[in-house]
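To be precise, the following lines are entry.txt, and they hold compact mmCIF, C-alpha atoms.
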# COMPACT_ATOMS: atom_id res chain seq x y z
CA MET A 4 122.48 81.41 155.64
CA VAL A 5 121.04 84.70 154.42
CA LEU A 6 120.16 85.07 150.79
CA ARG A 7 120.48 88.53 149.32
CA TRP A 8 118.50 89.30 146.23
CA ARG A 9 119.76 91.91 143.86
CA VAL A 10 117.18 93.78 141.81
CA MET A 11 118.35 94.39 138.26
CA VAL A 12 118.73 98.07 137.52
CA THR A 13 117.63 99.19 134.07
CA ILE A 14 118.30 102.31 132.07
CA TYR A 15 114.74 103.29 132.91
CA ASP A 16 115.76 103.50 136.59
CA VAL A 17 118.86 105.49 135.70
CA ALA A 18 116.81 107.84 133.54
CA ALA A 19 114.30 108.46 136.33
CA LEU A 20 117.03 109.31 138.85
CA ALA A 21 118.95 111.47 136.38
CA GLY A 22 115.85 113.29 135.18
CA VAL A 23 116.40 112.42 131.52
CA SER A 24 114.84 110.05 128.98
CA PRO A 25 115.91 106.40 128.63
CA ALA A 26 117.11 107.25 125.14
CA THR A 27 119.53 109.78 126.64
CA VAL A 28 120.91 107.15 129.01
CA SER A 29 121.41 104.80 126.07
CA ARG A 30 123.25 107.49 124.11
CA VAL A 31 125.58 108.26 127.02
CA PHE A 32 126.66 104.63 127.34
CA ASN A 33 127.11 104.27 123.62
CA GLY A 34 129.35 107.28 123.17
CA ILE A 35 126.76 109.40 121.40
CA LYS A 36 127.07 113.10 122.13
CA VAL A 37 124.69 114.67 124.63
CA THR A 38 125.00 117.88 126.63
CA PRO A 39 127.68 117.77 129.34
CA SER A 40 125.13 118.37 132.10
CA ARG A 41 123.00 115.42 130.99
CA ALA A 42 126.02 113.16 130.59
CA GLU A 43 127.14 114.03 134.11
CA ALA A 44 123.66 113.42 135.53
CA VAL A 45 123.46 110.02 133.85
CA THR A 46 126.94 108.97 134.99
CA ARG A 47 126.23 110.04 138.55
CA ALA A 48 122.87 108.25 138.65
CA ALA A 49 124.36 105.06 137.17
CA ALA A 50 127.11 105.04 139.80
CA GLU A 51 124.63 105.59 142.61
CA LEU A 52 122.41 102.73 141.41
CA GLY A 53 125.25 100.39 140.49
CA PHE A 54 124.05 100.20 136.92
CA VAL A 55 126.06 98.01 134.54
CA PRO A 56 125.22 98.57 130.83
CA ASN A 57 123.84 95.57 129.01
CA ARG A 58 126.35 94.33 126.45
CA ASN A 59 123.68 94.62 123.78
CA ALA A 60 123.33 98.30 124.51
CA ARG A 61 126.93 98.87 123.41
CA ARG A 62 125.97 97.66 119.95
CA LEU A 63 123.38 100.34 119.27
CA ARG A 64 125.63 101.99 116.73
CA THR A 65 127.10 98.83 115.20
CA SER A 66 125.88 96.99 112.15
CA SER A 67 122.91 95.50 113.99
CA SER A 68 121.68 99.00 114.77
CA GLU A 69 121.52 99.98 111.12
CA ILE A 70 118.12 98.28 111.04
CA ILE A 71 114.71 99.80 111.60
CA ALA A 72 111.87 97.46 112.57
CA MET A 73 108.56 98.19 110.81
CA MET A 74 105.57 96.51 112.46
CA VAL A 75 102.25 96.52 110.59
CA PRO A 76 99.02 94.57 111.14
CA ASP A 77 98.41 93.44 107.55
CA ILE A 78 101.04 93.75 104.83
CA GLU A 79 98.51 92.49 102.26
CA ASN A 80 96.51 95.67 102.80
CA PRO A 81 97.67 98.17 100.13
CA PHE A 82 97.45 100.99 102.69
CA PHE A 83 100.20 99.44 104.80
CA THR A 84 102.21 98.39 101.75
CA VAL A 85 102.41 102.00 100.55
CA MET A 86 103.24 103.19 104.05
CA THR A 87 106.05 100.65 104.44
CA ARG A 88 107.54 101.58 101.07
CA ALA A 89 107.66 105.22 102.16
CA VAL A 90 109.46 104.28 105.37
CA GLU A 91 111.97 102.24 103.40
CA ASP A 92 112.61 105.11 100.97
CA VAL A 93 113.55 107.46 103.81
CA ALA A 94 115.48 104.83 105.77
CA ARG A 95 117.62 103.63 102.87
CA ALA A 96 118.53 107.20 101.94
CA GLN A 97 120.10 107.46 105.41
CA GLY A 98 121.86 104.09 105.31
CA TYR A 99 119.29 102.03 107.23
CA SER A 100 117.59 98.79 106.24
CA VAL A 101 113.98 97.99 107.16
CA MET A 102 112.93 94.74 108.82
CA LEU A 103 109.24 94.10 108.18
CA CYS A 104 107.12 92.40 110.86
CA ASN A 105 103.51 91.44 110.13
CA THR A 106 101.60 91.28 113.43
CA ASP A 107 98.21 90.16 112.04
CA GLU A 108 96.55 92.43 114.64
CA ASP A 109 97.70 89.86 117.23
CA PRO A 110 98.96 91.42 120.52
CA ALA A 111 100.91 88.25 121.40
CA ARG A 112 102.74 88.20 118.07
CA GLU A 113 103.36 91.94 118.40
CA GLN A 114 105.03 91.42 121.79
CA GLU A 115 107.16 88.63 120.34
CA TYR A 116 108.46 90.95 117.63
CA LEU A 117 109.09 93.70 120.19
CA ARG A 118 111.14 91.33 122.36
CA VAL A 119 113.27 90.33 119.39
CA ALA A 120 113.74 93.94 118.27
CA VAL A 121 114.95 95.20 121.65
CA SER A 122 117.03 92.15 122.63
CA ASP A 123 119.26 92.37 119.55
CA PRO A 124 118.62 96.04 119.37
CA VAL A 125 117.47 97.72 116.24
CA ALA A 126 118.12 101.42 115.78
CA GLY A 127 114.43 102.14 116.22
CA ILE A 128 110.89 100.89 115.72
CA ILE A 129 108.01 102.20 113.63
CA MET A 130 104.79 100.43 114.46
CA VAL A 131 101.05 100.37 113.98
CA PRO A 132 99.92 99.28 117.48
CA SER A 133 97.56 96.32 117.42
CA SER A 134 95.41 97.71 120.22
CA ARG A 135 94.93 100.62 122.57
CA THR A 136 96.72 98.59 125.27
CA THR A 137 99.90 97.68 123.36
CA ASP A 138 102.75 97.36 125.89
CA LEU A 139 105.87 99.27 124.83
CA GLN A 140 107.61 99.11 128.19
CA LEU A 141 110.40 96.88 126.84
CA ALA A 142 111.38 99.47 124.25
CA ARG A 143 111.28 102.22 126.84
CA GLU A 144 113.50 100.28 129.25
CA ARG A 145 116.09 99.53 126.57
CA GLY A 146 116.08 103.08 125.21
CA VAL A 147 114.99 101.99 121.74
CA PRO A 148 113.13 104.89 120.09
CA VAL A 149 109.60 104.18 118.86
CA VAL A 150 107.31 106.10 116.53
CA CYS A 151 103.69 104.99 116.19
CA VAL A 152 101.99 105.48 112.84
CA ASP A 153 98.28 105.36 111.91
CA ARG A 154 97.46 104.63 115.57
CA ARG A 155 98.78 106.17 118.77
CA ALA A 156 100.60 104.50 121.64
CA PRO A 157 98.68 104.01 124.90
CA GLY A 158 98.78 107.21 126.91
CA ASN A 159 100.38 109.05 123.97
CA ALA A 160 103.74 108.12 125.50
CA PHE A 161 105.61 107.95 122.18
CA ASP A 162 105.78 110.01 119.00
CA ALA A 163 102.80 109.40 116.72
CA VAL A 164 101.62 110.45 113.28
CA VAL A 165 98.02 109.66 112.35
CA ALA A 166 95.36 110.63 109.82
CA ASP A 167 92.40 112.79 110.76
CA ASN A 168 90.10 109.82 111.17
CA ILE A 169 87.36 111.61 113.10
CA GLY A 170 87.29 114.56 110.72
CA GLY A 171 87.26 112.33 107.66
CA ALA A 172 84.42 110.23 109.03
CA ILE A 173 82.40 113.34 109.91
CA ALA A 174 82.89 114.77 106.44
CA GLY A 175 82.02 111.60 104.56
CA THR A 176 78.92 110.92 106.61
CA ARG A 177 77.85 114.53 106.22
CA ILE A 178 78.10 114.27 102.44
CA LEU A 179 75.91 111.15 102.49
CA LEU A 180 73.34 113.05 104.54
CA GLU A 181 73.48 116.07 102.23
CA SER A 182 72.96 113.70 99.29
CA GLY A 183 69.57 112.73 100.70
CA PHE A 184 70.36 109.52 102.59
CA ARG A 185 68.68 109.42 105.97
CA ARG A 186 69.49 106.08 107.61
CA ILE A 187 73.23 105.51 107.47
CA GLY A 188 74.76 102.32 108.79
CA CYS A 189 78.36 102.05 109.97
CA ILE A 190 80.69 99.05 109.73
CA SER A 191 83.81 99.61 111.80
CA GLY A 192 86.65 97.52 113.20
CA PRO A 193 87.26 96.02 116.64
CA GLU A 194 86.83 98.27 119.68
CA ARG A 195 90.45 97.66 120.71
CA VAL A 196 91.70 99.52 117.62
CA GLU A 197 91.98 103.32 117.80
CA THR A 198 91.20 103.95 114.14
CA ALA A 199 88.04 101.86 114.37
CA GLU A 200 86.86 103.84 117.38
CA ASP A 201 87.68 107.22 115.85
CA ARG A 202 85.92 106.50 112.56
CA ALA A 203 82.82 105.17 114.32
CA ALA A 204 82.87 108.26 116.55
CA GLY A 205 83.01 110.55 113.51
CA TRP A 206 80.04 108.78 111.91
CA ARG A 207 78.08 109.07 115.16
CA MET A 208 78.91 112.76 115.58
CA ALA A 209 77.88 113.64 112.03
CA VAL A 210 74.52 111.90 112.35
CA GLU A 211 73.80 113.53 115.69
CA GLN A 212 74.79 116.97 114.41
CA ALA A 213 72.47 116.60 111.42
CA THR A 214 69.47 115.03 113.13
CA GLY A 215 69.71 116.15 116.73
CA ALA A 216 69.76 112.54 117.92
CA PRO A 217 72.40 109.77 117.97
CA PRO A 218 72.07 106.97 115.40
CA SER A 219 70.31 103.79 116.40
CA PRO A 220 72.74 101.29 118.01
CA GLU A 221 71.61 98.59 115.58
CA LEU A 222 73.15 100.57 112.72
CA LEU A 223 76.69 100.08 114.07
CA ARG A 224 78.35 96.76 113.26
CA ARG A 225 81.79 95.63 114.42
CA ALA A 226 84.01 93.32 112.36
CA GLU A 227 87.65 92.47 111.86
CA PHE A 228 89.27 94.66 109.21
CA THR A 229 88.77 92.04 106.48
CA VAL A 230 86.71 91.61 103.32
CA ALA A 231 84.82 88.74 104.95
CA GLY A 232 84.09 90.95 107.94
CA GLY A 233 82.64 93.62 105.66
CA GLU A 234 80.48 91.09 103.84
CA GLN A 235 79.01 89.61 107.02
CA ALA A 236 78.32 93.00 108.59
CA THR A 237 76.63 94.23 105.39
CA ARG A 238 74.34 91.21 105.33
CA GLU A 239 73.41 91.89 108.97
CA LEU A 240 72.56 95.52 108.21
CA LEU A 241 70.47 94.61 105.17
CA ALA A 242 68.59 92.02 107.24
CA LEU A 243 67.27 94.65 109.66
CA ASP A 244 63.53 95.35 109.63
CA ASP A 245 64.45 98.89 108.65
CA PRO A 246 67.74 98.52 106.73
CA PRO A 247 70.03 101.50 106.08
CA ASP A 248 69.89 103.38 102.80
CA ALA A 249 73.65 104.10 102.99
CA ILE A 250 76.69 102.47 104.59
CA PHE A 251 79.85 104.01 105.99
CA ALA A 252 82.65 101.39 105.90
CA ALA A 253 85.63 102.19 108.11
CA ASN A 254 88.49 100.73 106.05
CA ASN A 255 89.27 99.60 102.51
CA LYS A 256 88.81 95.88 103.10
CA LEU A 257 85.48 96.40 104.85
CA SER A 258 84.45 98.61 101.92
CA THR A 259 85.31 95.85 99.46
CA GLY A 260 83.07 93.49 101.39
CA VAL A 261 80.24 96.02 101.36
CA ILE A 262 80.47 96.52 97.59
CA ARG A 263 80.53 92.77 96.94
CA VAL A 264 77.32 92.16 98.90
CA LEU A 265 75.55 95.17 97.41
CA ALA A 266 76.53 93.96 93.94
CA GLU A 267 75.06 90.55 94.71
CA ARG A 268 71.80 92.22 95.73
CA GLY A 269 71.76 94.61 92.78
CA ILE A 270 71.54 97.70 94.98
CA LEU A 271 74.80 99.49 94.23
CA PRO A 272 75.16 103.31 94.31
CA PRO A 273 73.41 105.55 93.71
CA THR A 274 70.51 103.39 94.96
CA THR A 275 72.44 102.77 98.16
CA GLY A 276 75.01 105.27 99.38
CA VAL A 277 78.51 104.03 100.21
CA MET A 278 81.31 105.85 102.00
CA ALA A 279 84.58 103.87 101.67
CA PHE A 280 87.18 104.94 104.21
CA GLY A 281 90.48 104.24 102.49
CA GLY A 282 91.16 103.87 98.77
CA LEU A 283 89.67 100.78 97.20
CA PRO A 284 92.03 98.14 95.76
CA LEU A 285 92.53 98.28 92.00
CA VAL A 286 90.87 94.88 91.63
CA VAL A 287 87.58 96.32 92.87
CA LEU A 288 85.33 97.86 90.24
CA SER A 289 84.38 101.14 91.91
CA PRO A 290 80.75 102.00 91.13
CA MET A 291 79.97 105.52 90.01
CA GLY A 292 78.84 107.73 92.87
CA ILE A 293 80.73 106.00 95.66
CA LEU A 294 82.52 108.27 98.16
CA VAL A 295 86.14 107.38 98.89
CA THR A 296 88.27 108.76 101.70
CA HIS A 297 91.88 108.76 100.53
CA LEU A 298 94.17 108.26 103.50
CA PRO A 299 97.68 109.78 103.24
CA ALA A 300 99.47 106.42 103.45
CA ARG A 301 102.74 107.57 101.88
CA GLU A 302 102.81 110.81 103.85
CA LEU A 303 102.23 108.87 107.06
CA GLY A 304 105.20 106.61 106.30
CA LEU A 305 107.49 109.45 105.27
CA THR A 306 106.65 111.48 108.36
CA ALA A 307 107.05 108.53 110.73
CA ALA A 308 110.45 107.65 109.27
CA ARG A 309 111.71 111.21 109.56
CA MET A 310 110.50 111.46 113.14
CA LEU A 311 112.26 108.22 114.04
CA LEU A 312 115.55 109.31 112.46
CA GLU A 313 115.38 112.49 114.53
CA ARG A 314 115.06 110.38 117.68
CA ILE A 315 117.91 108.11 116.61
CA ASP A 316 120.05 111.20 116.05
CA GLY A 317 119.45 112.34 119.62
CA LEU A 318 116.31 114.47 119.67
CA ASP A 319 115.18 114.51 123.29
CA THR A 320 111.80 116.24 123.53
CA PRO A 321 108.35 115.29 124.83
CA ALA A 322 106.34 112.93 122.63
CA ARG A 323 105.01 114.58 119.48
CA ASP A 324 101.57 114.05 117.92
CA ILE A 325 101.02 114.90 114.25
CA VAL A 326 97.63 114.66 112.51
CA LEU A 327 97.55 114.63 108.71
CA PRO A 328 94.46 115.68 106.71
CA VAL A 329 92.46 113.29 104.52
CA VAL A 330 90.98 113.87 101.06
CA ILE A 331 87.50 112.71 100.13
CA SER A 332 86.49 112.23 96.51
CA ASN A 333 83.26 111.41 94.75
CA GLU A 334 84.09 108.86 92.06
CA GLU A 335 81.42 110.30 89.79
CA ASP A 336 82.32 113.99 89.69
CA GLY A 337 85.81 114.14 91.21
CA LEU A 338 84.74 116.43 94.06
CA THR A 339 87.44 116.66 96.74
CA LEU A 340 87.07 117.64 100.35
CA ILE A 341 90.33 118.79 101.92
CA ASP A 342 89.34 119.72 105.47
CA GLY A 343 87.12 117.03 106.95
CA ARG A 344 86.30 118.98 110.11
CA THR A 345 85.28 122.30 108.58
CA GLY A 346 83.77 121.01 105.35
CA ALA A 347 85.85 123.40 103.24
CA PHE A 348 86.10 122.24 99.65
CA GLY A 349 89.22 122.60 97.54

Structure re-expressed in structure tokens:
Amino acid sequence: MVLRWRVMVTIYDVAALAGVSPATVSRVFNGIKVTPSRAEAVTRAAAELGFVPNRNARRLRTSSSEIIAMMVPDIENPFFTVMTRAVEDVARAQGYSVMLCNTDEDPAREQEYLRVAVSDPVAGIIMVPSSRTTDLQLARERGVPVVCVDRRAPGNAFDAVVADNIGGAIAGTRILLESGFRRIGCISGPERVETAEDRAAGWRMAVEQATGAPPSPELLRRAEFTVAGGEQATRELLALDDPPDAIFAANNKLSTGVIRVLAERGILPPTTGVMAFGGLPLVVLSPMGILVTHLPARELGLTAARMLLERIDGLDTPARDIVLPVVISNEEDGLTLIDGRTGAFG
């Protein structure tokens, strides 16, 4: 007896043979208009491969597909709350509902949400990838459009809209240096997270540009993006034989932890310089003289939602990458820095 194994053909295979995107294949089999030449190429490739559309794919334009999945790492972080609200504002105006998924920066939980989203297919996904190795192959195979926000997809394979993290970090660190601080510590997030890497890179670049030498490795501390992480890293920096006279904190929760520890020690700004990347929560008493990088959370959400709706409506172009500027303010004098990379004030 000879057993014959049949390999399941996916829309990804059909797309490769037809020379189109998986999203185009999905649209053809769901009756969504594409150019005649692309429709013919897809039909011909499907016939040649023996492709049978998944029954779920036929539902892409039914009630279940009027949902957009929004995947964020920490909904308790005001930055992601504002971003999600912006996505919902755009989505609801176009008749879509938003399903919120909190990944807790956990790649396993993220994959679980992705499997659910593509198996009972949503119209599209907006996500903040949990790491630089997030696997989006399932979405690609099922033709579900994805837009990454705040962090890019691995290999820049999907649309992305991010803030100018490197430029903002360079600018903030440069202002600390120009204010007279000479030994600037950096508390950033896990290495697996793009924003953590970019902000640490900006800090490093600014110090090297100003001094001609890279900062001492002991001045860089890694922590989870939490208040507790910021507190522990601050204590480690202050325990050095030669502690920093200023600290660059790479997100709002880390910044809150920094301010708490400095307050305990009685060495708040201007005695110690602080650069807070991301607006501080309202519950935190912001000391005079602290630098705050205001990330464009709402603009990131609005842009991501609009990009996704364009994909849902049939836009078939190479992946797009949009970088939004940041604004830096000094809480004491209201100084704003518009262009982090050039240092131009506005």

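Closest approach to Cys104 in chain A from the set A:Thr13, A:Thr84, A:Thr306, A:Thr237 is made by A:Thr84, with distances taken over all atoms listed in the file.
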
State, in Å with one decimal place, the distance from CA of Thr229 in chain A to CA of Asp153 in chain A.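 According to the coordinates, CA of Thr229 in chain A and CA of Asp153 in chain A are separated by 17.2 Å.
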
Counting all atoms listed in the file, the residue of A:Asp123, A:Asp109, A:Glu69, A:Asp201 that sits nearest Gly170 in chain A
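Once distances to Gly170 in chain A are computed over all atoms listed in the file, the minimum belongs to A:Asp201.
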
Practice problem: Write out as a count of residues only each polymer residue whose atoms come within 10 Å of Glu51 in chain A, counting all atoms listed in the file; drop sequence neighbours fewer than 6 positions from it. | Solution: 3

Proximity check range 169-217 of chain A to range 321-333 of chain A, 12 Å, nearest pairs one decimal Å, all atoms listed in the file, as a Markdown table:
| residue | atom | partner | partner_atom | distance |
| --- | --- | --- | --- | --- |
| A:Ile169 | CA | A:Val329 | CA | 10.1 |
| A:Gly170 | CA | A:Val329 | CA | 8.2 |
| A:Gly171 | CA | A:Val329 | CA | 6.1 |
| A:Ala172 | CA | A:Val329 | CA | 9.7 |
| A:Ile173 | CA | A:Ile331 | CA | 11.0 |
| A:Ala174 | CA | A:Ile331 | CA | 8.1 |
| A:Gly175 | CA | A:Ile331 | CA | 7.1 |
| A:Thr176 | CA | A:Ile331 | CA | 10.9 |
| A:Arg177 | CA | A:Ile331 | CA | 11.6 |
| A:Ile178 | CA | A:Asn333 | CA | 9.7 |
| A:Leu179 | CA | A:Asn333 | CA | 10.7 |
| A:Ser182 | CA | A:Asn333 | CA | 11.5 |

_Counting only C-alpha atoms, the residue of A:Gly183, A:Asp245, A:Leu303, A:Ala26 that sits nearest Thr274 in chain A_ =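 Among the listed residues, the smallest separation from Thr274 in chain A belongs to A:Gly183.
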
Nearest residue to Glu227 in chain A out of A:Leu312, A:Ala203, A:Leu257, A:Ala49, using all atoms listed in the file?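 Ranking A:Leu312, A:Ala203, A:Leu257, A:Ala49 by distance to Glu227 in chain A, first place goes to A:Leu257.
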
Neighbouring residues of Arg155 in chain A were defined as those with any atom within 9 Å, considering all atoms listed in the file; residues of the same chain fewer than 3 positions away were excluded. Please report them as a list in words. Val131, Pro132, Arg135, Val150, Cys151, Val152, Gly158, Asn159, Ala160, Phe161, Asp162, Ala163, Val164, Val165, Glu197 and Asp324 of chain A

Nearest to Met74 in chain A, restricted to all atoms listed in the file and choosing among A:Arg143, A:Val28, A:Thr275, A:Gly304, comes out as A:Gly304

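The interatomic distance for the pair CA of Arg224 in chain A and CA of Cys189 in chain A works out to 6.2 Å.
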
re CA of Gly276 in chain A and CA of Met208 in chain A: distance 18.3 Å

Between A:Ser191, A:Arg145, A:Ile78, A:Gly127, smallest distance to Asp16 in chain A by only C-alpha atoms belongs to A:Arg145

**OP:** Tell me, as a PyMOL selection string, which residues lie within 10 Å of Asp92 in chain A, counting all atoms listed in the file; anything in the same chain fewer than 6 positions away does not count.
**Re:** chain A and resi 99-101+304-305+308
